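Everything below belongs to protein.pdb, which stores PDB, C-alpha atoms and all ligand atoms.
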MODEL        1
ATOM      1  CA  MET A   1     -20.822   9.571  -6.210
ATOM      2  CA  ALA A   2     -19.715   9.294  -9.841
ATOM      3  CA  LEU A   3     -16.081  10.078 -10.457
ATOM      4  CA  SER A   4     -14.868  12.192 -13.334
ATOM      5  CA  LEU A   5     -12.889   9.595 -15.276
ATOM      6  CA  ASP A   6     -11.255  12.170 -17.559
ATOM      7  CA  LYS A   7      -9.965  14.079 -14.552
ATOM      8  CA  TYR A   8      -8.280  11.128 -12.901
ATOM      9  CA  LEU A   9      -7.564   8.533 -15.602
ATOM     10  CA  ARG A  10      -5.381   8.599 -18.691
ATOM     11  CA  MET A  11      -8.074   7.204 -20.946
ATOM     12  CA  SER A  12      -5.564   6.734 -23.775
ATOM     13  CA  LYS A  13      -3.723   4.130 -21.647
ATOM     14  CA  LEU A  14      -6.821   1.951 -21.219
ATOM     15  CA  PRO A  15      -7.700  -0.892 -21.374
ATOM     16  CA  HIS A  16      -5.521  -1.918 -18.439
ATOM     17  CA  ILE A  17      -3.372  -5.040 -18.382
ATOM     18  CA  TRP A  18      -4.828  -6.604 -15.218
ATOM     19  CA  CYS A  19      -6.508 -10.023 -15.386
ATOM     20  CA  PRO A  20     -10.317 -10.243 -15.108
ATOM     21  CA  GLY A  21     -11.247 -10.268 -11.410
ATOM     22  CA  CYS A  22      -7.918  -8.826 -10.208
ATOM     23  CA  GLY A  23      -8.345  -6.717  -7.080
ATOM     24  CA  HIS A  24      -5.961  -3.993  -8.189
ATOM     25  CA  GLY A  25      -8.689  -2.027  -9.967
ATOM     26  CA  ILE A  26     -10.671  -1.852  -6.708
ATOM     27  CA  VAL A  27      -7.656  -0.536  -4.778
ATOM     28  CA  THR A  28      -6.861   1.957  -7.541
ATOM     29  CA  GLN A  29     -10.447   3.137  -7.467
ATOM     30  CA  ALA A  30     -10.252   3.545  -3.672
ATOM     31  CA  ILE A  31      -7.155   5.736  -4.097
ATOM     32  CA  VAL A  32      -8.840   7.893  -6.738
ATOM     33  CA  ARG A  33     -11.994   8.209  -4.622
ATOM     34  CA  ALA A  34      -9.906   9.187  -1.586
ATOM     35  CA  ILE A  35      -8.084  11.864  -3.619
ATOM     36  CA  ASP A  36     -11.382  13.108  -5.016
ATOM     37  CA  GLU A  37     -13.117  13.233  -1.619
ATOM     38  CA  LEU A  38     -10.141  15.034  -0.080
ATOM     39  CA  GLY A  39     -10.199  17.511  -2.973
ATOM     40  CA  LEU A  40      -6.453  17.216  -3.572
ATOM     41  CA  ASP A  41      -4.986  19.368  -6.315
ATOM     42  CA  THR A  42      -4.092  16.930  -9.075
ATOM     43  CA  ASP A  43      -1.187  19.181 -10.098
ATOM     44  CA  LYS A  44       0.256  18.830  -6.614
ATOM     45  CA  THR A  45      -0.156  15.082  -6.301
ATOM     46  CA  VAL A  46       2.530  12.662  -7.418
ATOM     47  CA  VAL A  47       2.104   8.891  -7.629
ATOM     48  CA  VAL A  48       5.200   6.685  -7.636
ATOM     49  CA  SER A  49       5.507   2.937  -8.142
ATOM     50  CA  GLY A  50       8.183   0.245  -8.368
ATOM     51  CA  ILE A  51       7.716  -2.951 -10.384
ATOM     52  CA  GLY A  52       4.916  -5.512 -10.481
ATOM     53  CA  CYS A  53       1.238  -5.732 -11.391
ATOM     54  CA  SER A  54       0.430  -2.989  -8.859
ATOM     55  CA  ALA A  55       3.155  -0.786 -10.303
ATOM     56  CA  ARG A  56       1.154  -0.414 -13.501
ATOM     57  CA  ALA A  57      -1.528   1.610 -11.702
ATOM     58  CA  PRO A  58       0.201   5.033 -11.881
ATOM     59  CA  GLY A  59       0.403   4.691 -15.663
ATOM     60  CA  TYR A  60      -3.402   4.856 -15.770
ATOM     61  CA  LEU A  61      -3.627   7.827 -13.415
ATOM     62  CA  HIS A  62      -3.722  11.403 -14.621
ATOM     63  CA  PHE A  63      -1.223  12.906 -12.170
ATOM     64  CA  ASP A  64       2.501  13.376 -12.324
ATOM     65  CA  THR A  65       3.564   9.748 -12.072
ATOM     66  CA  LEU A  66       6.776   7.790 -11.880
ATOM     67  CA  HIS A  67       7.198   4.078 -12.649
ATOM     68  CA  THR A  68      10.602   3.258 -11.204
ATOM     69  CA  THR A  69      12.816   0.233 -10.556
ATOM     70  CA  HIS A  70      11.985  -2.793  -8.448
ATOM     71  CA  GLY A  71      11.668  -1.997  -4.746
ATOM     72  CA  ARG A  72      12.884   1.573  -5.181
ATOM     73  CA  ALA A  73       9.650   3.551  -5.341
ATOM     74  CA  ILE A  74      10.124   4.870  -1.797
ATOM     75  CA  ALA A  75      13.683   5.974  -2.583
ATOM     76  CA  PHE A  76      12.479   7.997  -5.605
ATOM     77  CA  ALA A  77       9.545   9.339  -3.590
ATOM     78  CA  THR A  78      11.918  10.393  -0.795
ATOM     79  CA  GLY A  79      13.801  12.576  -3.250
ATOM     80  CA  ILE A  80      10.584  14.140  -4.531
ATOM     81  CA  LYS A  81       9.270  14.875  -1.039
ATOM     82  CA  MET A  82      12.552  16.311   0.262
ATOM     83  CA  ALA A  83      12.872  18.589  -2.791
ATOM     84  CA  LYS A  84       9.188  19.620  -2.883
ATOM     85  CA  PRO A  85       7.622  19.079   0.552
ATOM     86  CA  GLU A  86       4.426  20.818  -0.550
ATOM     87  CA  LEU A  87       3.515  17.904  -2.854
ATOM     88  CA  ASN A  88       1.269  14.999  -1.863
ATOM     89  CA  VAL A  89       3.420  11.965  -2.574
ATOM     90  CA  ILE A  90       1.648   8.614  -2.821
ATOM     91  CA  ILE A  91       3.499   5.351  -3.380
ATOM     92  CA  ILE A  92       1.834   2.330  -4.913
ATOM     93  CA  THR A  93       3.723  -0.870  -4.214
ATOM     94  CA  GLY A  94       3.151  -4.621  -4.023
ATOM     95  CA  ASP A  95       3.975  -7.106  -1.275
ATOM     96  CA  GLY A  96       7.072  -8.361  -3.093
ATOM     97  CA  ASP A  97       8.162  -4.853  -4.085
ATOM     98  CA  ALA A  98       7.637  -3.386  -0.573
ATOM     99  CA  ALA A  99       8.638  -6.231   1.709
ATOM    100  CA  ALA A 100      11.392  -8.067  -0.180
ATOM    101  CA  ILE A 101      13.642  -6.010  -2.473
ATOM    102  CA  GLY A 102      12.257  -2.720  -1.143
ATOM    103  CA  GLY A 103      12.134  -3.727   2.525
ATOM    104  CA  ASN A 104      15.016  -1.493   3.566
ATOM    105  CA  HIS A 105      13.516   1.568   1.913
ATOM    106  CA  LEU A 106      10.220   0.877   3.676
ATOM    107  CA  ILE A 107      11.653   0.608   7.196
ATOM    108  CA  HIS A 108      13.934   3.618   6.815
ATOM    109  CA  ALA A 109      11.191   5.873   5.438
ATOM    110  CA  ALA A 110       9.078   4.783   8.426
ATOM    111  CA  ARG A 111      11.976   5.445  10.821
ATOM    112  CA  ARG A 112      12.404   8.952   9.389
ATOM    113  CA  ASN A 113       8.677   9.643   9.652
ATOM    114  CA  LEU A 114       8.824  11.188   6.202
ATOM    115  CA  ASP A 115       5.426  12.483   5.070
ATOM    116  CA  LEU A 116       4.704   9.834   2.427
ATOM    117  CA  THR A 117       1.650   7.636   1.891
ATOM    118  CA  VAL A 118       2.497   4.058   0.966
ATOM    119  CA  ILE A 119      -0.306   1.836  -0.285
ATOM    120  CA  CYS A 120       0.677  -1.801  -0.578
ATOM    121  CA  PHE A 121      -1.442  -3.778  -3.046
ATOM    122  CA  ASP A 122      -0.977  -6.945  -1.002
ATOM    123  CA  ASN A 123      -1.958 -10.031  -2.987
ATOM    124  CA  ASN A 124       0.287 -12.428  -1.027
ATOM    125  CA  ILE A 125       2.312 -13.324  -4.097
ATOM    126  CA  TYR A 126       4.487 -12.104  -6.981
ATOM    127  CA  GLY A 127       1.755 -11.798  -9.604
ATOM    128  CA  MET A 128       3.627 -10.322 -12.547
ATOM    129  CA  THR A 129       6.366 -12.962 -12.595
ATOM    130  CA  SER A 130       3.852 -15.839 -12.377
ATOM    131  CA  GLY A 131       3.202 -16.581  -8.754
ATOM    132  CA  GLN A 132       6.371 -16.964  -6.679
ATOM    133  CA  TYR A 133       5.884 -16.656  -2.915
ATOM    134  CA  SER A 134       6.567 -13.288  -1.285
ATOM    135  CA  PRO A 135       7.404 -12.328   2.314
ATOM    136  CA  LEU A 136       3.637 -11.935   2.821
ATOM    137  CA  THR A 137       2.527 -15.342   1.547
ATOM    138  CA  PRO A 138       0.605 -17.012   4.403
ATOM    139  CA  GLN A 139       2.244 -20.052   5.973
ATOM    140  CA  GLY A 140       1.013 -23.276   4.392
ATOM    141  CA  SER A 141      -0.343 -21.685   1.217
ATOM    142  CA  TYR A 142       0.786 -22.643  -2.248
ATOM    143  CA  ALA A 143       2.817 -20.692  -4.768
ATOM    144  CA  THR A 144       4.924 -21.575  -7.802
ATOM    145  CA  THR A 145       7.974 -21.695  -5.521
ATOM    146  CA  SER A 146       6.204 -23.344  -2.574
ATOM    147  CA  PRO A 147       4.534 -26.330  -4.273
ATOM    148  CA  TYR A 148       4.352 -28.208  -0.920
ATOM    149  CA  GLY A 149       3.074 -25.208   1.062
ATOM    150  CA  MET A 150       4.859 -22.099   2.310
ATOM    151  CA  LEU A 151       7.178 -23.025   5.192
ATOM    152  CA  GLU A 152       8.157 -19.514   6.280
ATOM    153  CA  LYS A 153       6.223 -17.220   8.570
ATOM    154  CA  PRO A 154       5.081 -14.037   6.758
ATOM    155  CA  PHE A 155       5.750 -10.469   7.815
ATOM    156  CA  ASP A 156       2.958  -8.438   9.304
ATOM    157  CA  LEU A 157       3.858  -5.267   7.376
ATOM    158  CA  CYS A 158       1.767  -2.973   9.569
ATOM    159  CA  ASN A 159       3.602  -4.235  12.663
ATOM    160  CA  LEU A 160       6.925  -3.877  10.862
ATOM    161  CA  VAL A 161       6.173  -0.261   9.916
ATOM    162  CA  MET A 162       4.970   0.557  13.441
ATOM    163  CA  GLY A 163       8.069  -1.049  14.961
ATOM    164  CA  ALA A 164      10.293   0.961  12.619
ATOM    165  CA  GLY A 165       8.752   4.270  13.720
ATOM    166  CA  GLY A 166       5.940   4.862  11.214
ATOM    167  CA  THR A 167       3.185   6.990  12.730
ATOM    168  CA  PHE A 168       0.204   5.643  10.767
ATOM    169  CA  ALA A 169      -0.626   2.082   9.789
ATOM    170  CA  ALA A 170      -3.922   0.678   8.563
ATOM    171  CA  ARG A 171      -5.234  -2.428   6.864
ATOM    172  CA  SER A 172      -8.265  -3.100   4.717
ATOM    173  CA  THR A 173      -9.258  -5.276   1.777
ATOM    174  CA  THR A 174     -11.001  -5.149  -1.571
ATOM    175  CA  TYR A 175     -14.040  -6.694   0.131
ATOM    176  CA  HIS A 176     -14.217  -3.607   2.377
ATOM    177  CA  ALA A 177     -14.089  -1.088  -0.490
ATOM    178  CA  ARG A 178     -15.667   1.794   1.468
ATOM    179  CA  GLN A 179     -13.452   1.220   4.506
ATOM    180  CA  LEU A 180     -10.448   0.979   2.187
ATOM    181  CA  THR A 181     -11.246   4.414   0.726
ATOM    182  CA  ASN A 182     -11.652   5.863   4.219
ATOM    183  CA  VAL A 183      -8.342   4.522   5.552
ATOM    184  CA  ILE A 184      -6.544   5.798   2.438
ATOM    185  CA  LYS A 185      -8.103   9.225   3.040
ATOM    186  CA  GLU A 186      -6.842   9.161   6.622
ATOM    187  CA  ALA A 187      -3.410   7.994   5.497
ATOM    188  CA  ILE A 188      -3.086  10.805   2.926
ATOM    189  CA  SER A 189      -4.270  13.382   5.466
ATOM    190  CA  HIS A 190      -1.821  12.160   8.114
ATOM    191  CA  LYS A 191       1.296  14.267   8.650
ATOM    192  CA  GLY A 192       4.101  11.728   8.745
ATOM    193  CA  PHE A 193       4.817   8.290   7.341
ATOM    194  CA  ALA A 194       1.572   6.473   6.571
ATOM    195  CA  PHE A 195       1.234   2.869   5.459
ATOM    196  CA  VAL A 196      -1.871   1.044   4.212
ATOM    197  CA  ASP A 197      -1.867  -2.732   3.763
ATOM    198  CA  ALA A 198      -4.556  -3.139   1.080
ATOM    199  CA  LEU A 199      -5.342  -6.819   0.593
ATOM    200  CA  SER A 200      -6.102  -7.401  -3.070
ATOM    201  CA  GLN A 201      -7.002 -10.657  -4.774
ATOM    202  CA  CYS A 202      -4.816 -12.311  -7.404
ATOM    203  CA  PRO A 203      -7.173 -15.014  -8.665
ATOM    204  CA  THR A 204      -4.778 -15.942 -11.457
ATOM    205  CA  TYR A 205      -1.835 -17.063  -9.339
ATOM    206  CA  PHE A 206      -2.753 -17.064  -5.648
ATOM    207  CA  GLY A 207      -6.423 -18.055  -5.862
ATOM    208  CA  ARG A 208      -5.965 -20.763  -8.483
ATOM    209  CA  ARG A 209      -3.300 -22.532  -6.402
ATOM    210  CA  ASN A 210      -5.142 -22.195  -3.116
ATOM    211  CA  LYS A 211      -8.627 -23.538  -3.910
ATOM    212  CA  LEU A 212     -10.007 -19.992  -4.160
ATOM    213  CA  ARG A 213     -10.816 -20.249  -7.810
ATOM    214  CA  THR A 214     -12.957 -17.188  -8.374
ATOM    215  CA  PRO A 215     -12.402 -13.551  -7.404
ATOM    216  CA  LEU A 216     -15.511 -13.859  -5.219
ATOM    217  CA  ASP A 217     -13.985 -16.826  -3.338
ATOM    218  CA  MET A 218     -10.958 -14.678  -2.625
ATOM    219  CA  MET A 219     -13.011 -11.722  -1.443
ATOM    220  CA  ASN A 220     -15.024 -14.019   0.835
ATOM    221  CA  TRP A 221     -11.688 -15.332   2.143
ATOM    222  CA  PHE A 222     -10.789 -11.740   3.074
ATOM    223  CA  LYS A 223     -14.207 -11.256   4.660
ATOM    224  CA  ASP A 224     -13.983 -14.441   6.748
ATOM    225  CA  ARG A 225     -10.478 -13.759   8.043
ATOM    226  CA  SER A 226     -10.768 -10.039   8.775
ATOM    227  CA  VAL A 227     -11.830  -8.737  12.180
ATOM    228  CA  PRO A 228     -12.757  -5.136  13.079
ATOM    229  CA  LEU A 229     -10.298  -3.646  15.567
ATOM    230  CA  ARG A 230     -12.659  -3.481  18.519
ATOM    231  CA  ALA A 231     -13.485  -7.190  18.278
ATOM    232  CA  TRP A 232      -9.825  -8.039  17.618
ATOM    233  CA  SER A 233      -8.703  -6.495  20.898
ATOM    234  CA  LYS A 234     -11.056  -8.809  22.822
ATOM    235  CA  MET A 235      -9.850 -12.000  21.137
ATOM    236  CA  SER A 236      -7.340 -14.444  22.633
ATOM    237  CA  PRO A 237      -4.166 -15.278  20.666
ATOM    238  CA  GLU A 238      -5.744 -18.652  19.808
ATOM    239  CA  GLU A 239      -8.854 -16.932  18.419
ATOM    240  CA  GLN A 240      -6.688 -14.506  16.421
ATOM    241  CA  GLU A 241      -4.818 -17.364  14.736
ATOM    242  CA  GLY A 242      -5.332 -17.227  10.940
ATOM    243  CA  LYS A 243      -7.185 -13.902  11.123
ATOM    244  CA  PHE A 244      -6.134 -10.254  10.877
ATOM    245  CA  PRO A 245      -7.427  -6.902  12.146
ATOM    246  CA  VAL A 246      -8.760  -4.267   9.748
ATOM    247  CA  GLY A 247      -9.000  -0.534  10.299
ATOM    248  CA  VAL A 248      -6.551   2.106  11.490
ATOM    249  CA  LEU A 249      -4.095   0.200  13.701
ATOM    250  CA  THR A 250      -1.962   3.115  14.802
ATOM    251  CA  LYS A 251      -2.061   6.880  14.439
ATOM    252  CA  THR A 252       0.373   8.969  16.451
ATOM    253  CA  GLN A 253       2.179  12.272  16.072
ATOM    254  CA  ALA A 254       5.956  12.694  15.897
ATOM    255  CA  PRO A 255       8.326  15.215  14.256
ATOM    256  CA  GLU A 256       8.169  14.845  10.471
ATOM    257  CA  LEU A 257      11.413  14.839   8.491
ATOM    258  CA  THR A 258      10.765  17.607   5.931
ATOM    259  CA  GLU A 259       9.668  19.921   8.750
ATOM    260  CA  VAL A 260      12.697  19.305  10.970
ATOM    261  CA  TYR A 261      14.897  19.604   7.874
ATOM    262  CA  ALA A 262      13.336  23.000   7.011
ATOM    263  CA  GLN A 263      13.873  24.141  10.615
ATOM    264  CA  LEU A 264      17.537  23.202  10.398
ATOM    265  CA  VAL A 265      17.963  25.071   7.104
ATOM    266  CA  GLU A 266      16.332  28.154   8.615
ATOM    267  CA  LYS A 267      18.544  27.965  11.699
ATOM    268  CA  LEU A 268      21.706  27.681   9.617
ATOM    269  CA  GLN A 269      20.605  30.554   7.347
ATOM    270  CA  GLN A 270      20.072  32.747  10.407
ATOM    271  CA  ARG A 271      23.615  31.925  11.461
ATOM    272  CA  GLY A 272      24.765  32.920   7.993
ATOM    273  CA  GLU A 273      25.870  29.426   6.979
ATOM    274  CA  ASP A 274      25.073  28.012   3.537
TER     275      ASP A 274
HETATM  276 FE1  LIG A 301      -3.875  -9.199 -10.900
HETATM  277 FE2  LIG A 301      -2.651 -11.507 -10.348
HETATM  278 FE3  LIG A 301      -3.357 -10.950 -12.850
HETATM  279 FE4  LIG A 301      -1.354  -9.605 -11.676
HETATM  280  S1  LIG A 301      -1.387 -11.794 -12.170
HETATM  281  S2  LIG A 301      -3.009  -8.719 -12.927
HETATM  282  S3  LIG A 301      -2.101  -9.477  -9.559
HETATM  283  S4  LIG A 301      -4.760 -11.253 -11.114
HETATM  284 MG    MG A 302       2.225  -9.086  -5.010
ENDMDL
END

What's the structure tokens form of this structure?
Ligand code: SF4
Ligand code: MG
Amino acid sequence: MALSLDKYLRMSKLPHIWCPGCGHGIVTQAIVRAIDELGLDTDKTVVVSGIGCSARAPGYLHFDTLHTTHGRAIAFATGIKMAKPELNVIIITGDGDAAAIGGNHLIHAARRNLDLTVICFDNNIYGMTSGQYSPLTPQGSYATTSPYGMLEKPFDLCNLVMGAGGTFAARSTTYHARQLTNVIKEAISHKGFAFVDALSQCPTYFGRRNKLRTPLDMMNWFKDRSVPLRAWSKMSPEEQEGKFPVGVLTKTQAPELTEVYAQLVEKLQQRGED
């Protein structure tokens, strides 16, 4: 279905700064489609970002938006949600922004089960600062700062969020654009901390260094390595090596922070305490 561009995009801010073939436009579109299909009130939806190529997305979106400091989007979003729990608060972050400098904010928001939706534009690299490796760069792949191949093991951010207490975690890719929209819809609808690992191609820095020269090569790389959840659960650890599951990985219910906070305030007011 055609989207109303004027409703969702700040046309005066276009054209965007992303490179030709960058996956970030596909993820941004999936977010806008999810918001549109859910029928969210644009005046009650806030989009917050940190720093990086992904962080430019809110600038193009016609909501109340906040472009904050590196790694701190979740901290700003926490303040917004605690002050105005009725708002839909969506965080757009990158793999460097979320997992490195912002890693602490991510795990603590998950632990609190605060009702935020975090969408990580995961391109396996620091794109904006010219291709340094991030905590999500796959082992053995090349980056400006790993010219002989990445030695370190990457985080699995969905597992990290689940281990920290997050109640919703999902993964999809720009190749799976319809699935990506659907998991973002589920994440936004979920009451509690929701995280989506959205794999997005950076042909300029990741692809070029890793023999995936075109955006299509990168999207095929996502296609070849991704496995639907049902098939994933039947695979041996050896078969899972080098691949990743896509879909909703966890969805549970637990007390949500703004609700338990409101209950406490009410209880104290009944006791006559300020
Ligand atoms: Fe996209 Fe990479 Fe270009 Fe950044 S550097 S806009 S992530 S292709
Ligand atoms: Mg990145």

Please determine, counting only C-alpha atoms and all ligand atoms, which residue among A:Ile26, A:Met11, A:Ala75, A:Val46 has the shortest atom-to-atom distance to ligand LIG 301 (chain A). A:Ile26

I want to know what sits within 12 Å of Ala231 (chain A), based on only C-alpha atoms, with residues of the same chain fewer than 5 positions away left out; could you give that as a PyMOL selection string? chain A and resi 226+236+239-240+243-247

Can you list what the PyMOL selection byres (((chain A and resi 69) around 10) and not hetatm) grabs from this structure, as a ChimeraX atom specification? /A:49-52,55,66-68,70-73,75-76,97,102

Could you take the residues named above and write them with C-alpha atoms, as a short mmCIF file (atom, residue, chain, number, x, y, z; two decimals), keeping the file's coordinate frame?
data_model
loop_
_atom_site.label_atom_id
_atom_site.label_comp_id
_atom_site.auth_asym_id
_atom_site.auth_seq_id
_atom_site.Cartn_x
_atom_site.Cartn_y
_atom_site.Cartn_z
CA SER A 49 5.51 2.94 -8.14
CA GLY A 50 8.18 0.24 -8.37
CA ILE A 51 7.72 -2.95 -10.38
CA GLY A 52 4.92 -5.51 -10.48
CA ALA A 55 3.16 -0.79 -10.30
CA LEU A 66 6.78 7.79 -11.88
CA HIS A 67 7.20 4.08 -12.65
CA THR A 68 10.60 3.26 -11.20
CA HIS A 70 11.98 -2.79 -8.45
CA GLY A 71 11.67 -2.00 -4.75
CA ARG A 72 12.88 1.57 -5.18
CA ALA A 73 9.65 3.55 -5.34
CA ALA A 75 13.68 5.97 -2.58
CA PHE A 76 12.48 8.00 -5.60
CA ASP A 97 8.16 -4.85 -4.08
CA GLY A 102 12.26 -2.72 -1.14
#

3 Å per side around region 42-49 of chain A: axis-aligned box centre and edge lengths, as AutoDock Vina command-line options:
--center_x 0.7 --center_y 11.1 --center_z -8.2 --size_x 15.6 --size_y 22.2 --size_z 9.8

Looking at only C-alpha atoms, which of A:Thr78, A:Thr250, A:Thr167, A:Gln132 is the one that sits closest to Asn113 (chain A)? A:Thr167

Site check for ligand LIG 301 (chain A): residues at most 12 Å away, only C-alpha atoms and all ligand atoms, as a PDB file with C-alpha atoms, in the coordinates of the input:
ATOM      1  CA  HIS A  16      -5.521  -1.918 -18.439  1.00  0.00           C
ATOM      2  CA  ILE A  17      -3.372  -5.040 -18.382  1.00  0.00           C
ATOM      3  CA  TRP A  18      -4.828  -6.604 -15.218  1.00  0.00           C
ATOM      4  CA  CYS A  19      -6.508 -10.023 -15.386  1.00  0.00           C
ATOM      5  CA  PRO A  20     -10.317 -10.243 -15.108  1.00  0.00           C
ATOM      6  CA  GLY A  21     -11.247 -10.268 -11.410  1.00  0.00           C
ATOM      7  CA  CYS A  22      -7.918  -8.826 -10.208  1.00  0.00           C
ATOM      8  CA  GLY A  23      -8.345  -6.717  -7.080  1.00  0.00           C
ATOM      9  CA  HIS A  24      -5.961  -3.993  -8.189  1.00  0.00           C
ATOM     10  CA  GLY A  25      -8.689  -2.027  -9.967  1.00  0.00           C
ATOM     11  CA  ILE A  26     -10.671  -1.852  -6.708  1.00  0.00           C
ATOM     12  CA  VAL A  27      -7.656  -0.536  -4.778  1.00  0.00           C
ATOM     13  CA  ILE A  51       7.716  -2.951 -10.384  1.00  0.00           C
ATOM     14  CA  GLY A  52       4.916  -5.512 -10.481  1.00  0.00           C
ATOM     15  CA  CYS A  53       1.238  -5.732 -11.391  1.00  0.00           C
ATOM     16  CA  SER A  54       0.430  -2.989  -8.859  1.00  0.00           C
ATOM     17  CA  ALA A  55       3.155  -0.786 -10.303  1.00  0.00           C
ATOM     18  CA  ARG A  56       1.154  -0.414 -13.501  1.00  0.00           C
ATOM     19  CA  ALA A  57      -1.528   1.610 -11.702  1.00  0.00           C
ATOM     20  CA  THR A  93       3.723  -0.870  -4.214  1.00  0.00           C
ATOM     21  CA  GLY A  94       3.151  -4.621  -4.023  1.00  0.00           C
ATOM     22  CA  ASP A  95       3.975  -7.106  -1.275  1.00  0.00           C
ATOM     23  CA  GLY A  96       7.072  -8.361  -3.093  1.00  0.00           C
ATOM     24  CA  PHE A 121      -1.442  -3.778  -3.046  1.00  0.00           C
ATOM     25  CA  ASP A 122      -0.977  -6.945  -1.002  1.00  0.00           C
ATOM     26  CA  ASN A 123      -1.958 -10.031  -2.987  1.00  0.00           C
ATOM     27  CA  ASN A 124       0.287 -12.428  -1.027  1.00  0.00           C
ATOM     28  CA  ILE A 125       2.312 -13.324  -4.097  1.00  0.00           C
ATOM     29  CA  TYR A 126       4.487 -12.104  -6.981  1.00  0.00           C
ATOM     30  CA  GLY A 127       1.755 -11.798  -9.604  1.00  0.00           C
ATOM     31  CA  MET A 128       3.627 -10.322 -12.547  1.00  0.00           C
ATOM     32  CA  THR A 129       6.366 -12.962 -12.595  1.00  0.00           C
ATOM     33  CA  SER A 130       3.852 -15.839 -12.377  1.00  0.00           C
ATOM     34  CA  GLY A 131       3.202 -16.581  -8.754  1.00  0.00           C
ATOM     35  CA  GLN A 132       6.371 -16.964  -6.679  1.00  0.00           C
ATOM     36  CA  LEU A 199      -5.342  -6.819   0.593  1.00  0.00           C
ATOM     37  CA  SER A 200      -6.102  -7.401  -3.070  1.00  0.00           C
ATOM     38  CA  GLN A 201      -7.002 -10.657  -4.774  1.00  0.00           C
ATOM     39  CA  CYS A 202      -4.816 -12.311  -7.404  1.00  0.00           C
ATOM     40  CA  PRO A 203      -7.173 -15.014  -8.665  1.00  0.00           C
ATOM     41  CA  THR A 204      -4.778 -15.942 -11.457  1.00  0.00           C
ATOM     42  CA  TYR A 205      -1.835 -17.063  -9.339  1.00  0.00           C
ATOM     43  CA  PHE A 206      -2.753 -17.064  -5.648  1.00  0.00           C
ATOM     44  CA  GLY A 207      -6.423 -18.055  -5.862  1.00  0.00           C
ATOM     45  CA  ARG A 208      -5.965 -20.763  -8.483  1.00  0.00           C
ATOM     46  CA  ARG A 209      -3.300 -22.532  -6.402  1.00  0.00           C
ATOM     47  CA  ARG A 213     -10.816 -20.249  -7.810  1.00  0.00           C
ATOM     48  CA  THR A 214     -12.957 -17.188  -8.374  1.00  0.00           C
ATOM     49  CA  PRO A 215     -12.402 -13.551  -7.404  1.00  0.00           C
ATOM     50  CA  MET A 218     -10.958 -14.678  -2.625  1.00  0.00           C
TER      51      MET A 218
END

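Evaluated against the shown file, the PyMOL selection byres (((chain A and resi 3-8) around 10) and not hetatm) gives A:Met1, A:Ala2, A:Leu9, A:Arg10, A:Met11, A:Gln29, A:Val32, A:Arg33, A:Ile35, A:Asp36, A:Glu37, A:Thr42, A:Tyr60, A:Leu61, A:His62, A:Phe63.
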